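> Just my_file.cif, nothing more (mmCIF, C-alpha atoms and all ligand atoms):
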```
data_my_file
#
loop_
_atom_site.group_PDB
_atom_site.id
_atom_site.type_symbol
_atom_site.label_atom_id
_atom_site.label_comp_id
_atom_site.auth_asym_id
_atom_site.auth_seq_id
_atom_site.Cartn_x
_atom_site.Cartn_y
_atom_site.Cartn_z
ATOM 1 C CA MET A 1 -6.077 14.890 14.007
ATOM 2 C CA PRO A 2 -5.093 15.055 10.323
ATOM 3 C CA LEU A 3 -7.040 12.444 8.354
ATOM 4 C CA VAL A 4 -6.269 13.243 4.714
ATOM 5 C CA LYS A 5 -6.714 11.809 1.220
ATOM 6 C CA MET A 6 -3.712 9.900 -0.111
ATOM 7 C CA THR A 7 -3.642 12.130 -3.196
ATOM 8 C CA GLU A 8 -2.797 15.102 -0.940
ATOM 9 C CA LEU A 9 0.285 13.220 0.227
ATOM 10 C CA PHE A 10 1.736 12.276 -3.143
ATOM 11 C CA PRO A 11 4.778 14.253 -4.299
ATOM 12 C CA LYS A 12 3.716 16.610 -7.094
ATOM 13 C CA TYR A 13 4.043 15.404 -10.706
ATOM 14 C CA GLY A 14 7.682 15.972 -11.653
ATOM 15 C CA ASP A 15 8.964 15.856 -8.065
ATOM 16 C CA ASN A 16 10.724 12.493 -8.144
ATOM 17 C CA SER A 17 12.723 13.008 -4.965
ATOM 18 C CA TYR A 18 10.707 10.709 -2.673
ATOM 19 C CA ALA A 19 7.650 8.437 -2.414
ATOM 20 C CA ILE A 20 4.913 7.984 0.185
ATOM 21 C CA GLY A 21 4.845 4.656 1.992
ATOM 22 C CA ALA A 22 1.549 2.773 2.213
ATOM 23 C CA PHE A 23 1.726 0.206 4.978
ATOM 24 C CA ASN A 24 -0.700 -2.652 5.547
ATOM 25 C CA VAL A 25 -1.929 -3.094 9.116
ATOM 26 C CA SER A 26 -4.065 -5.907 10.490
ATOM 27 C CA ASP A 27 -4.809 -4.929 14.074
ATOM 28 C CA MET A 28 -4.607 -2.136 16.623
ATOM 29 C CA GLU A 29 -0.990 -2.932 17.506
ATOM 30 C CA MET A 30 0.150 -2.660 13.895
ATOM 31 C CA ALA A 31 -1.769 0.599 13.506
ATOM 32 C CA MET A 32 -0.060 1.893 16.679
ATOM 33 C CA GLY A 33 3.339 0.843 15.335
ATOM 34 C CA ALA A 34 2.634 2.652 12.070
ATOM 35 C CA MET A 35 1.575 5.840 13.893
ATOM 36 C CA LYS A 36 4.685 5.682 16.062
ATOM 37 C CA ALA A 37 6.966 5.372 13.026
ATOM 38 C CA ALA A 38 5.223 8.212 11.184
ATOM 39 C CA GLU A 39 5.301 10.541 14.185
ATOM 40 C CA GLU A 40 8.931 9.765 15.064
ATOM 41 C CA LEU A 41 10.072 10.504 11.495
ATOM 42 C CA LYS A 42 7.552 13.321 10.906
ATOM 43 C CA ALA A 43 6.545 11.421 7.786
ATOM 44 C CA PRO A 44 3.050 11.384 6.265
ATOM 45 C CA ILE A 45 1.694 7.868 5.934
ATOM 46 C CA ILE A 46 -1.005 5.776 4.272
ATOM 47 C CA LEU A 47 -2.555 3.024 6.412
ATOM 48 C CA GLN A 48 -4.146 0.265 4.368
ATOM 49 C CA ILE A 49 -5.633 -3.203 4.541
ATOM 50 C CA ALA A 50 -6.267 -5.576 1.640
ATOM 51 C CA GLU A 51 -9.626 -7.269 1.126
ATOM 52 C CA GLY A 52 -7.763 -10.598 0.946
ATOM 53 C CA ARG A 53 -6.732 -10.250 4.612
ATOM 54 C CA LEU A 54 -10.159 -9.493 6.050
ATOM 55 C CA ARG A 55 -10.690 -13.095 7.147
ATOM 56 C CA TYR A 56 -8.297 -12.279 9.998
ATOM 57 C CA SER A 57 -9.401 -8.698 10.604
ATOM 58 C CA PRO A 58 -13.030 -7.988 9.633
ATOM 59 C CA LEU A 59 -13.273 -4.520 8.103
ATOM 60 C CA LYS A 60 -16.153 -3.516 10.383
ATOM 61 C CA LEU A 61 -13.792 -3.974 13.345
ATOM 62 C CA LEU A 62 -10.428 -3.015 11.873
ATOM 63 C CA GLY A 63 -11.716 -0.087 9.786
ATOM 64 C CA PRO A 64 -12.781 2.052 12.778
ATOM 65 C CA ILE A 65 -9.402 1.350 14.443
ATOM 66 C CA MET A 66 -7.568 2.569 11.332
ATOM 67 C CA MET A 67 -9.779 5.654 11.147
ATOM 68 C CA ALA A 68 -9.219 6.429 14.825
ATOM 69 C CA ALA A 69 -5.451 5.969 14.409
ATOM 70 C CA ALA A 70 -5.416 8.430 11.491
ATOM 71 C CA LYS A 71 -7.426 11.022 13.417
ATOM 72 C CA GLU A 72 -5.201 10.571 16.480
ATOM 73 C CA CYS A 73 -1.920 10.650 14.544
ATOM 74 C CA LYS A 74 0.115 13.861 14.782
ATOM 75 C CA VAL A 75 1.138 13.706 11.104
ATOM 76 C CA PRO A 76 -1.085 13.605 7.989
ATOM 77 C CA THR A 77 -2.471 10.096 7.574
ATOM 78 C CA ALA A 78 -4.648 8.578 4.843
ATOM 79 C CA VAL A 79 -6.755 5.429 5.262
ATOM 80 C CA HIS A 80 -6.991 3.230 2.187
ATOM 81 C CA LEU A 81 -8.607 -0.052 1.150
ATOM 82 C CA ASP A 82 -5.935 -2.092 -0.652
ATOM 83 C CA HIS A 83 -6.917 -4.552 -3.426
ATOM 84 C CA GLY A 84 -10.662 -4.125 -3.179
ATOM 85 C CA GLY A 85 -12.243 -6.861 -5.263
ATOM 86 C CA THR A 86 -15.948 -6.559 -4.497
ATOM 87 C CA LEU A 87 -18.308 -3.590 -4.515
ATOM 88 C CA GLU A 88 -19.617 -4.718 -1.148
ATOM 89 C CA THR A 89 -16.231 -4.251 0.538
ATOM 90 C CA ILE A 90 -15.507 -1.033 -1.337
ATOM 91 C CA LYS A 91 -18.859 0.418 -0.228
ATOM 92 C CA LEU A 92 -18.197 -0.653 3.351
ATOM 93 C CA ALA A 93 -14.763 1.022 3.356
ATOM 94 C CA LEU A 94 -16.290 4.240 2.006
ATOM 95 C CA SER A 95 -19.063 4.153 4.601
ATOM 96 C CA LEU A 96 -16.424 3.806 7.337
ATOM 97 C CA GLY A 97 -14.776 6.998 6.080
ATOM 98 C CA PHE A 98 -11.755 5.563 4.245
ATOM 99 C CA THR A 99 -10.319 8.397 2.178
ATOM 100 C CA SER A 100 -9.458 6.128 -0.761
ATOM 101 C CA VAL A 101 -10.088 2.659 -2.136
ATOM 102 C CA MET A 102 -8.291 0.457 -4.607
ATOM 103 C CA PHE A 103 -10.283 -1.501 -7.117
ATOM 104 C CA ASP A 104 -8.216 -4.368 -8.466
ATOM 105 C CA GLY A 105 -9.698 -5.409 -11.782
ATOM 106 C CA SER A 106 -6.380 -6.676 -13.135
ATOM 107 C CA LYS A 107 -7.803 -10.177 -13.661
ATOM 108 C CA TYR A 108 -10.387 -8.871 -16.134
ATOM 109 C CA PRO A 109 -9.851 -8.151 -19.850
ATOM 110 C CA LEU A 110 -8.982 -4.487 -20.456
ATOM 111 C CA GLU A 111 -12.465 -3.332 -21.509
ATOM 112 C CA GLU A 112 -14.058 -4.945 -18.472
ATOM 113 C CA ASN A 113 -11.377 -3.601 -16.139
ATOM 114 C CA ILE A 114 -12.061 -0.106 -17.501
ATOM 115 C CA ALA A 115 -15.842 -0.466 -17.138
ATOM 116 C CA ARG A 116 -15.705 -1.854 -13.597
ATOM 117 C CA THR A 117 -13.086 0.689 -12.510
ATOM 118 C CA LYS A 118 -15.214 3.570 -13.855
ATOM 119 C CA GLU A 119 -18.114 2.359 -11.745
ATOM 120 C CA VAL A 120 -15.925 2.467 -8.605
ATOM 121 C CA VAL A 121 -14.567 5.911 -9.526
ATOM 122 C CA GLU A 122 -18.125 7.282 -9.805
ATOM 123 C CA LEU A 123 -19.084 5.759 -6.488
ATOM 124 C CA ALA A 124 -15.982 6.902 -4.586
ATOM 125 C CA HIS A 125 -15.700 10.375 -6.099
ATOM 126 C CA ALA A 126 -19.328 11.043 -5.188
ATOM 127 C CA GLN A 127 -18.264 10.501 -1.570
ATOM 128 C CA GLY A 128 -15.107 12.573 -1.846
ATOM 129 C CA ALA A 129 -12.767 9.569 -1.829
ATOM 130 C CA ALA A 130 -9.920 8.803 -4.234
ATOM 131 C CA VAL A 131 -9.438 5.636 -6.300
ATOM 132 C CA GLU A 132 -6.411 3.518 -7.165
ATOM 133 C CA ALA A 133 -6.703 0.792 -9.801
ATOM 134 C CA GLU A 134 -4.369 -1.723 -11.406
ATOM 135 C CA ILE A 135 -3.416 -2.291 -15.022
ATOM 136 C CA GLY A 136 -1.202 -5.183 -16.032
ATOM 137 C CA CYS A 137 -0.784 -7.702 -13.263
ATOM 138 C CA VAL A 138 1.474 -7.541 -10.184
ATOM 139 C CA GLY A 139 2.479 -11.139 -9.431
ATOM 140 C CA GLY A 140 2.156 -13.268 -6.292
ATOM 141 C CA ALA A 141 -0.772 -13.179 -3.851
ATOM 142 C CA GLU A 142 -2.007 -10.566 -1.381
ATOM 143 C CA GLY A 143 -3.557 -12.440 1.537
ATOM 144 C CA ASP A 144 -6.177 -14.996 0.523
ATOM 145 C CA TYR A 145 -6.070 -14.148 -3.183
ATOM 146 C CA LYS A 146 -4.882 -16.804 -5.644
ATOM 147 C CA SER A 147 -1.265 -16.371 -6.669
ATOM 148 C CA VAL A 148 -0.939 -14.902 -10.163
ATOM 149 C CA ASP A 149 1.847 -14.459 -12.724
ATOM 150 C CA ILE A 150 3.353 -11.082 -13.486
ATOM 151 C CA LEU A 151 1.950 -9.390 -16.577
ATOM 152 C CA VAL A 152 4.068 -6.303 -17.259
ATOM 153 C CA THR A 153 1.929 -3.204 -17.874
ATOM 154 C CA ASP A 154 1.647 -2.082 -21.501
ATOM 155 C CA VAL A 155 2.342 1.644 -22.007
ATOM 156 C CA ALA A 156 -0.532 2.362 -24.381
ATOM 157 C CA GLU A 157 -2.984 0.444 -22.185
ATOM 158 C CA ALA A 158 -1.824 2.348 -19.088
ATOM 159 C CA LYS A 159 -2.322 5.682 -20.843
ATOM 160 C CA ARG A 160 -5.786 4.690 -22.007
ATOM 161 C CA PHE A 161 -6.743 3.182 -18.638
ATOM 162 C CA ALA A 162 -5.816 6.354 -16.742
ATOM 163 C CA ALA A 163 -7.568 8.649 -19.225
ATOM 164 C CA GLU A 164 -10.800 6.647 -19.577
ATOM 165 C CA THR A 165 -11.338 5.711 -15.934
ATOM 166 C CA GLY A 166 -10.450 9.012 -14.236
ATOM 167 C CA ILE A 167 -8.553 7.193 -11.458
ATOM 168 C CA ASP A 168 -6.386 9.118 -9.002
ATOM 169 C CA ALA A 169 -3.539 6.588 -8.808
ATOM 170 C CA MET A 170 -2.477 3.710 -11.031
ATOM 171 C CA ALA A 171 -0.805 0.496 -9.858
ATOM 172 C CA VAL A 172 1.587 -0.733 -12.530
ATOM 173 C CA ALA A 173 3.269 -4.091 -12.970
ATOM 174 C CA ILE A 174 6.984 -3.762 -13.654
ATOM 175 C CA GLY A 175 8.266 -7.103 -12.378
ATOM 176 C CA THR A 176 7.336 -6.998 -8.686
ATOM 177 C CA ALA A 177 5.168 -9.543 -6.851
ATOM 178 C CA HIS A 178 3.367 -9.693 -3.511
ATOM 179 C CA GLY A 179 5.000 -11.707 -0.717
ATOM 180 C CA ASN A 180 8.613 -12.781 -0.241
ATOM 181 C CA TYR A 181 10.645 -13.272 -3.425
ATOM 182 C CA GLN A 182 12.150 -16.681 -4.194
ATOM 183 C CA GLU A 183 14.583 -14.931 -6.519
ATOM 184 C CA GLN A 184 15.552 -11.253 -6.545
ATOM 185 C CA PRO A 185 13.384 -9.631 -9.258
ATOM 186 C CA LYS A 186 14.784 -7.591 -12.145
ATOM 187 C CA LEU A 187 12.592 -4.533 -12.409
ATOM 188 C CA ARG A 188 11.476 -3.169 -15.769
ATOM 189 C CA LEU A 189 12.626 0.382 -15.077
ATOM 190 C CA ASP A 190 12.555 1.127 -18.811
ATOM 191 C CA ARG A 191 8.836 0.315 -18.840
ATOM 192 C CA LEU A 192 8.193 2.360 -15.708
ATOM 193 C CA GLN A 193 9.898 5.354 -17.276
ATOM 194 C CA ALA A 194 7.856 5.001 -20.474
ATOM 195 C CA ILE A 195 4.581 4.778 -18.511
ATOM 196 C CA ALA A 196 5.533 7.828 -16.424
ATOM 197 C CA GLU A 197 6.203 9.770 -19.616
ATOM 198 C CA ALA A 198 2.871 8.693 -21.129
ATOM 199 C CA THR A 199 0.593 9.746 -18.251
ATOM 200 C CA GLU A 200 0.539 12.191 -15.355
ATOM 201 C CA CYS A 201 -1.538 9.795 -13.237
ATOM 202 C CA PRO A 202 0.396 9.107 -9.976
ATOM 203 C CA LEU A 203 1.954 5.640 -10.184
ATOM 204 C CA VAL A 204 1.922 3.011 -7.449
ATOM 205 C CA LEU A 205 4.429 0.225 -6.796
ATOM 206 C CA HIS A 206 3.036 -2.955 -5.254
ATOM 207 C CA GLY A 207 5.046 -5.889 -3.899
ATOM 208 C CA GLY A 208 7.598 -3.760 -2.061
ATOM 209 C CA THR A 209 8.775 -6.424 0.374
ATOM 210 C CA GLY A 210 12.244 -7.706 -0.490
ATOM 211 C CA LEU A 211 13.218 -5.049 -3.036
ATOM 212 C CA THR A 212 16.648 -3.484 -2.623
ATOM 213 C CA GLU A 213 17.249 0.117 -1.564
ATOM 214 C CA ASP A 214 18.387 0.821 -5.129
ATOM 215 C CA ASP A 215 15.173 -0.691 -6.519
ATOM 216 C CA PHE A 216 13.061 1.642 -4.379
ATOM 217 C CA ARG A 217 15.112 4.708 -5.292
ATOM 218 C CA ASN A 218 15.170 3.804 -8.986
ATOM 219 C CA CYS A 219 11.379 3.519 -8.885
ATOM 220 C CA TYR A 220 10.574 6.829 -7.236
ATOM 221 C CA LYS A 221 13.179 8.603 -9.365
ATOM 222 C CA ARG A 222 11.176 7.394 -12.372
ATOM 223 C CA GLY A 223 7.798 8.557 -11.126
ATOM 224 C CA ILE A 224 6.469 6.092 -8.516
ATOM 225 C CA LYS A 225 4.566 8.147 -5.903
ATOM 226 C CA LYS A 226 3.215 5.443 -3.555
ATOM 227 C CA ILE A 227 5.011 2.280 -2.443
ATOM 228 C CA ASN A 228 3.144 -0.583 -0.770
ATOM 229 C CA ILE A 229 4.718 -2.655 1.994
ATOM 230 C CA ALA A 230 2.803 -5.501 3.651
ATOM 231 C CA THR A 231 4.688 -8.782 4.111
ATOM 232 C CA ALA A 232 7.794 -7.130 5.585
ATOM 233 C CA SER A 233 5.734 -5.637 8.447
ATOM 234 C CA TYR A 234 4.008 -8.952 9.169
ATOM 235 C CA ASP A 235 7.411 -10.697 9.141
ATOM 236 C CA SER A 236 9.056 -8.024 11.284
ATOM 237 C CA SER A 237 6.275 -8.285 13.905
ATOM 238 C CA ALA A 238 6.444 -12.092 13.952
ATOM 239 C CA ALA A 239 10.250 -11.948 14.295
ATOM 240 C CA LYS A 240 9.971 -9.511 17.223
ATOM 241 C CA ILE A 241 7.497 -11.818 18.995
ATOM 242 C CA LYS A 242 9.920 -14.738 18.566
ATOM 243 C CA GLU A 243 12.814 -12.587 19.809
ATOM 244 C CA VAL A 244 10.878 -11.539 22.932
ATOM 245 C CA TYR A 245 9.884 -15.136 23.620
ATOM 246 C CA GLY A 246 13.489 -16.307 23.084
ATOM 247 C CA GLU A 247 14.809 -13.785 25.577
ATOM 248 C CA LYS A 248 11.949 -14.159 28.045
ATOM 249 C CA PRO A 249 10.026 -17.446 27.909
ATOM 250 C CA GLU A 250 7.737 -16.212 30.716
ATOM 251 C CA ALA A 251 6.641 -13.281 28.489
ATOM 252 C CA ASN A 252 2.947 -12.474 28.822
ATOM 253 C CA TYR A 253 0.296 -11.258 26.386
ATOM 254 C CA PHE A 254 1.256 -7.611 26.831
ATOM 255 C CA ASP A 255 4.916 -8.275 26.063
ATOM 256 C CA PHE A 256 3.794 -9.742 22.723
ATOM 257 C CA SER A 257 1.423 -6.840 22.134
ATOM 258 C CA ASP A 258 4.378 -4.444 22.587
ATOM 259 C CA ALA A 259 6.453 -6.644 20.266
ATOM 260 C CA ILE A 260 3.925 -6.216 17.436
ATOM 261 C CA VAL A 261 3.900 -2.433 17.896
ATOM 262 C CA GLN A 262 7.699 -2.286 17.873
ATOM 263 C CA GLY A 263 8.181 -4.848 15.088
ATOM 264 C CA THR A 264 5.840 -2.881 12.831
ATOM 265 C CA CYS A 265 7.362 0.461 13.787
ATOM 266 C CA ASP A 266 10.947 -0.711 13.092
ATOM 267 C CA ASN A 267 10.049 -2.023 9.638
ATOM 268 C CA ILE A 268 8.086 1.058 8.652
ATOM 269 C CA LYS A 269 10.827 3.435 9.788
ATOM 270 C CA LYS A 270 13.400 1.461 7.833
ATOM 271 C CA HIS A 271 11.325 1.823 4.664
ATOM 272 C CA MET A 272 10.427 5.466 5.272
ATOM 273 C CA TYR A 273 14.117 6.378 5.373
ATOM 274 C CA ILE A 274 14.689 4.603 2.053
ATOM 275 C CA PHE A 275 11.639 6.304 0.501
ATOM 276 C CA GLY A 276 13.037 9.699 1.561
ATOM 277 C CA VAL A 277 9.752 10.669 3.247
ATOM 278 C CA GLU A 278 11.052 11.717 6.682
ATOM 279 C CA ASN A 279 10.297 15.338 7.648
ATOM 280 C CA LYS A 280 7.788 15.673 4.790
ATOM 281 C CA ALA A 281 4.821 16.054 7.181
HETATM 282 P P1 LIG B 1 4.285 -7.000 -0.176
HETATM 283 O O1 LIG B 1 3.490 -7.894 0.709
HETATM 284 O O2 LIG B 1 5.148 -7.750 -1.128
HETATM 285 O O3 LIG B 1 5.055 -5.969 0.596
HETATM 286 O O4 LIG B 1 3.256 -6.216 -1.105
HETATM 287 C C1 LIG B 1 2.455 -5.240 -0.538
HETATM 288 C C2 LIG B 1 1.448 -4.760 -1.483
HETATM 289 O O5 LIG B 1 1.704 -4.522 -2.637
HETATM 290 C C3 LIG B 1 0.100 -4.540 -0.963
HETATM 291 O O6 LIG B 1 -0.813 -4.275 -1.954
#
```
I'd like the structure from this file rewritten - as structure tokens, please.


Amino acid sequence: MPLVKMTELFPKYGDNSYAIGAFNVSDMEMAMGAMKAAEELKAPIILQIAEGRLRYSPLKLLGPIMMAAAKECKVPTAVHLDHGGTLETIKLALSLGFTSVMFDGSKYPLEENIARTKEVVELAHAQGAAVEAEIGCVGGAEGDYKSVDILVTDVAEAKRFAAETGIDAMAVAIGTAHGNYQEQPKLRLDRLQAIAEATECPLVLHGGTGLTEDDFRNCYKRGIKKINIATASYDSSAAKIKEVYGEKPEANYFDFSDAIVQGTCDNIKKHMYIFGVENKA
């Protein structure tokens, strides 16, 4: 029923009491688990998939599943392309009806990132979709992308990037990285606060897996509106499959299918509680 744009779900500028969770899904079972979590907690949700994971889940197949899940879901749901790197994939996501796309130009020099991001904003806005883009560099690797070092976002660059590109959400690098952390990160909350004071553009936190409850709360209290969680859902689903197999070695395909739904749902609910998003639908 309610397919919406992610920007409609963000807490208003100045309301730092919660953040919206954006959860990566790679198949129908994960999408079902995400819907279940959102409906049980009456929490709006963003479903997303990163371009770097499409080798496992081609967008032409997964995209329509995500769109159907959003339309079927009883709470407001946005469908988002995470870490779009090529215009081809971004155009495909828009043609499938995704309500937002991310363009990740963080590997380019600032001027080029601005120019390429503006091109995506023009394209997406013309189709009524919203755009997220990244400035600075979140570390680690999302899916098949090459692992990169963290480059903490500069305040003046963030302000300029938001103003010149016209983006609807800005991913900032404040010490987080994609994937599981080898060492607990120390977040640059001072930098986050300064960026939030310099621009009203909604801010996005990537690399959510493995952060502490305090980290999440400290981030949304300082202006983060969207928090991305991917690895933790993949790990939670894999752990549930192993648990089912451990308890029932004769388990069949459908037992494992249920395990993915439940593993995803459990992880998403856990994070939604921490993000304070329950009953916000
Ligand atoms: P994690 O895999 O670390 O949760 O990061 C998710 C993310 O930022 C997706 O863009």

> Against ligand LIG 1 (chain B), which residues of chain A fall within 7 Å? For each one I want the closest pair of atoms and the distance in Å (one decimal), counting only C-alpha atoms and all ligand atoms, rows by chain and increasing residue number, as CSV.


```
residue,atom,partner,partner_atom,distance
A:Asn24,CA,B:LIG1,C3,6.8
A:Ala50,CA,B:LIG1,O6,6.7
A:Asp82,CA,B:LIG1,O6,5.7
A:His83,CA,B:LIG1,O6,6.3
A:Glu142,CA,B:LIG1,C3,6.4
A:Ala177,CA,B:LIG1,O2,6.0
A:His178,CA,B:LIG1,O2,3.6
A:Gly179,CA,B:LIG1,O2,4.0
A:Asn180,CA,B:LIG1,O2,6.2
A:Leu205,CA,B:LIG1,O5,6.9
A:His206,CA,B:LIG1,O5,3.3
A:Gly207,CA,B:LIG1,O4,3.3
A:Gly208,CA,B:LIG1,O3,4.3
A:Thr209,CA,B:LIG1,O3,3.8
A:Asn228,CA,B:LIG1,C2,4.6
A:Ile229,CA,B:LIG1,O3,3.6
A:Ala230,CA,B:LIG1,O3,3.8
A:Thr231,CA,B:LIG1,O1,3.7
A:Ala232,CA,B:LIG1,O3,5.8
```

> Rank A:Ile167, A:Asp214, A:Ala156, A:Gly63 by their smallest atom-to-atom distance to A:Lys186, using all atoms listed in the file, and report the top residue only.

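Looking at the shortest contact to A:Lys186, the residue is A:Asp214.
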
> I'd like to know which of A:Ile227, A:Ala68, A:Thr99, A:Gly246 is closest to A:Met32, using only C-alpha atoms.

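Closest residue, counting only C-alpha atoms: A:Ala68.
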
> One decimal, in Å: what's the spacing between atom CA of A:Lys5 and atom CA of A:Ala78?

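Spanning atom CA of A:Lys5 to atom CA of A:Ala78 is a straight-line distance of 5.3 Å.
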
> With only C-alpha atoms counted and 8 Å as the cut-off, give the residues of stretch 2-51 of chain A in contact with stretch 248-271 of chain A, each with its shortest interatomic distance in Å and the pair that gives it, as CSV.


```
residue,atom,partner,partner_atom,distance
A:Gly21,CA,A:His271,CA,7.6
A:Phe23,CA,A:Ile268,CA,7.4
A:Glu29,CA,A:Val261,CA,4.9
A:Met30,CA,A:Val261,CA,5.5
A:Ala31,CA,A:Val261,CA,7.8
A:Met32,CA,A:Val261,CA,6.0
A:Gly33,CA,A:Val261,CA,4.2
A:Ala34,CA,A:Cys265,CA,5.5
A:Met35,CA,A:Cys265,CA,7.9
A:Lys36,CA,A:Cys265,CA,6.3
A:Ala37,CA,A:Cys265,CA,5.0
A:Ala38,CA,A:Lys269,CA,7.5
A:Leu41,CA,A:Lys269,CA,7.3
```

> Would you save the residues of that selection, restricted to C-alpha atoms, as a PDB file, keeping the file's coordinate frame?


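Wrote out_24.pdb, looks like this:
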```pdb
ATOM      1  CA  GLY A  21       4.845   4.656   1.992  1.00  0.00           C
ATOM      2  CA  PHE A  23       1.726   0.206   4.978  1.00  0.00           C
ATOM      3  CA  GLU A  29      -0.990  -2.932  17.506  1.00  0.00           C
ATOM      4  CA  MET A  30       0.150  -2.660  13.895  1.00  0.00           C
ATOM      5  CA  ALA A  31      -1.769   0.599  13.506  1.00  0.00           C
ATOM      6  CA  MET A  32      -0.060   1.893  16.679  1.00  0.00           C
ATOM      7  CA  GLY A  33       3.339   0.843  15.335  1.00  0.00           C
ATOM      8  CA  ALA A  34       2.634   2.652  12.070  1.00  0.00           C
ATOM      9  CA  MET A  35       1.575   5.840  13.893  1.00  0.00           C
ATOM     10  CA  LYS A  36       4.685   5.682  16.062  1.00  0.00           C
ATOM     11  CA  ALA A  37       6.966   5.372  13.026  1.00  0.00           C
ATOM     12  CA  ALA A  38       5.223   8.212  11.184  1.00  0.00           C
ATOM     13  CA  LEU A  41      10.072  10.504  11.495  1.00  0.00           C
TER      14      LEU A  41
END
```

> To one decimal place in Å, what is the distance between atom CA of A:Cys201 and atom CA of A:Asp149?

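Result for atom CA of A:Cys201 versus atom CA of A:Asp149: 24.5 Å, one decimal.
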
> Need to verify the contact set: A:Glu164, 10 Å, only C-alpha atoms, exclusion of same-chain residues closer than 2 positions in sequence. Can you return it as a ChimeraX atom specification?

/A:114-115,117-118,158-162,166-167

> Distance atom CA of A:Phe103-atom CA of A:Leu81, one decimal place?

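Straight-line distance from atom CA of A:Phe103 to atom CA of A:Leu81 works out to 8.6 Å.
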
> When the PyMOL selection byres (((chain A and resi 87-91) around 9) and not hetatm) is applied to the structure above, which residues does it catch, written out as a PyMOL selection string?

chain A and resi 51+59+81+84-86+92-96+101-103+120+123-124

> Can you work out which one of A:Ala43, A:Cys73, A:Val244, A:Met170 has the shortest atom-to-atom distance to A:Tyr18, counting only C-alpha atoms?

A:Ala43

> Around (12.6, 6.9, -10.1) in the file's own coordinates, what residues are found within 9 Å if you use all atoms listed in the file, given back as an NGL selection string?

:A and (16-18 or 189 or 192-193 or 215-224)

> Please provide the set of residues having any atom within 8 Å of A:Pro76, restricted to only C-alpha atoms, with same-chain residues fewer than 5 positions apart removed, written as a VMD selection string.

chain A and resid 1 to 4 9 43 to 45 70 281

> Smallest atom-to-atom distance to A:Glu157: which of A:Ala198, A:Val121, A:Ile241, A:Ala129, using all atoms listed in the file?

A:Ala198

> Filtering to all heavy atoms, could stretch 253-257 of chain A of the supplied structure be written out as a tab-separated table (two decimals), in the first residue's frame?


```tsv
chain	number	residue	atom	x	y	z
A	253	TYR	N	14.44	-27.04	2.46
A	253	TYR	CA	14.58	-25.72	1.84
A	253	TYR	C	13.68	-24.69	2.53
A	253	TYR	O	14.10	-23.55	2.80
A	253	TYR	CB	14.21	-25.82	0.34
A	253	TYR	CG	14.16	-24.49	-0.34
A	253	TYR	CD1	15.31	-23.94	-0.90
A	253	TYR	CD2	12.97	-23.75	-0.38
A	253	TYR	CE1	15.27	-22.69	-1.51
A	253	TYR	CE2	12.93	-22.51	-0.98
A	253	TYR	CZ	14.08	-21.98	-1.53
A	253	TYR	OH	14.03	-20.75	-2.12
A	254	PHE	N	12.45	-25.08	2.82
A	254	PHE	CA	11.49	-24.11	3.36
A	254	PHE	C	11.81	-23.71	4.79
A	254	PHE	O	11.52	-22.60	5.22
A	254	PHE	CB	10.06	-24.64	3.19
A	254	PHE	CG	9.73	-24.83	1.74
A	254	PHE	CD1	9.80	-26.10	1.14
A	254	PHE	CD2	9.43	-23.74	0.94
A	254	PHE	CE1	9.55	-26.26	-0.21
A	254	PHE	CE2	9.18	-23.90	-0.42
A	254	PHE	CZ	9.24	-25.16	-1.00
A	255	ASP	N	12.43	-24.65	5.54
A	255	ASP	CA	12.89	-24.27	6.88
A	255	ASP	C	13.95	-23.17	6.77
A	255	ASP	O	13.97	-22.23	7.57
A	255	ASP	CB	13.51	-25.49	7.60
A	255	ASP	CG	12.48	-26.59	7.85
A	255	ASP	OD1	11.36	-26.24	8.29
A	255	ASP	OD2	12.79	-27.77	7.62
A	256	PHE	N	14.84	-23.29	5.79
A	256	PHE	CA	15.89	-22.27	5.63
A	256	PHE	C	15.30	-20.95	5.11
A	256	PHE	O	15.76	-19.87	5.48
A	256	PHE	CB	16.99	-22.78	4.70
A	256	PHE	CG	17.73	-23.96	5.27
A	256	PHE	CD1	18.02	-25.07	4.49
A	256	PHE	CD2	18.13	-23.96	6.59
A	256	PHE	CE1	18.70	-26.16	5.03
A	256	PHE	CE2	18.82	-25.04	7.15
A	256	PHE	CZ	19.11	-26.15	6.35
A	257	SER	N	14.29	-21.07	4.26
A	257	SER	CA	13.62	-19.87	3.76
A	257	SER	C	13.03	-19.10	4.95
A	257	SER	O	13.23	-17.88	5.10
A	257	SER	CB	12.55	-20.31	2.76
A	257	SER	OG	11.83	-19.22	2.29
```
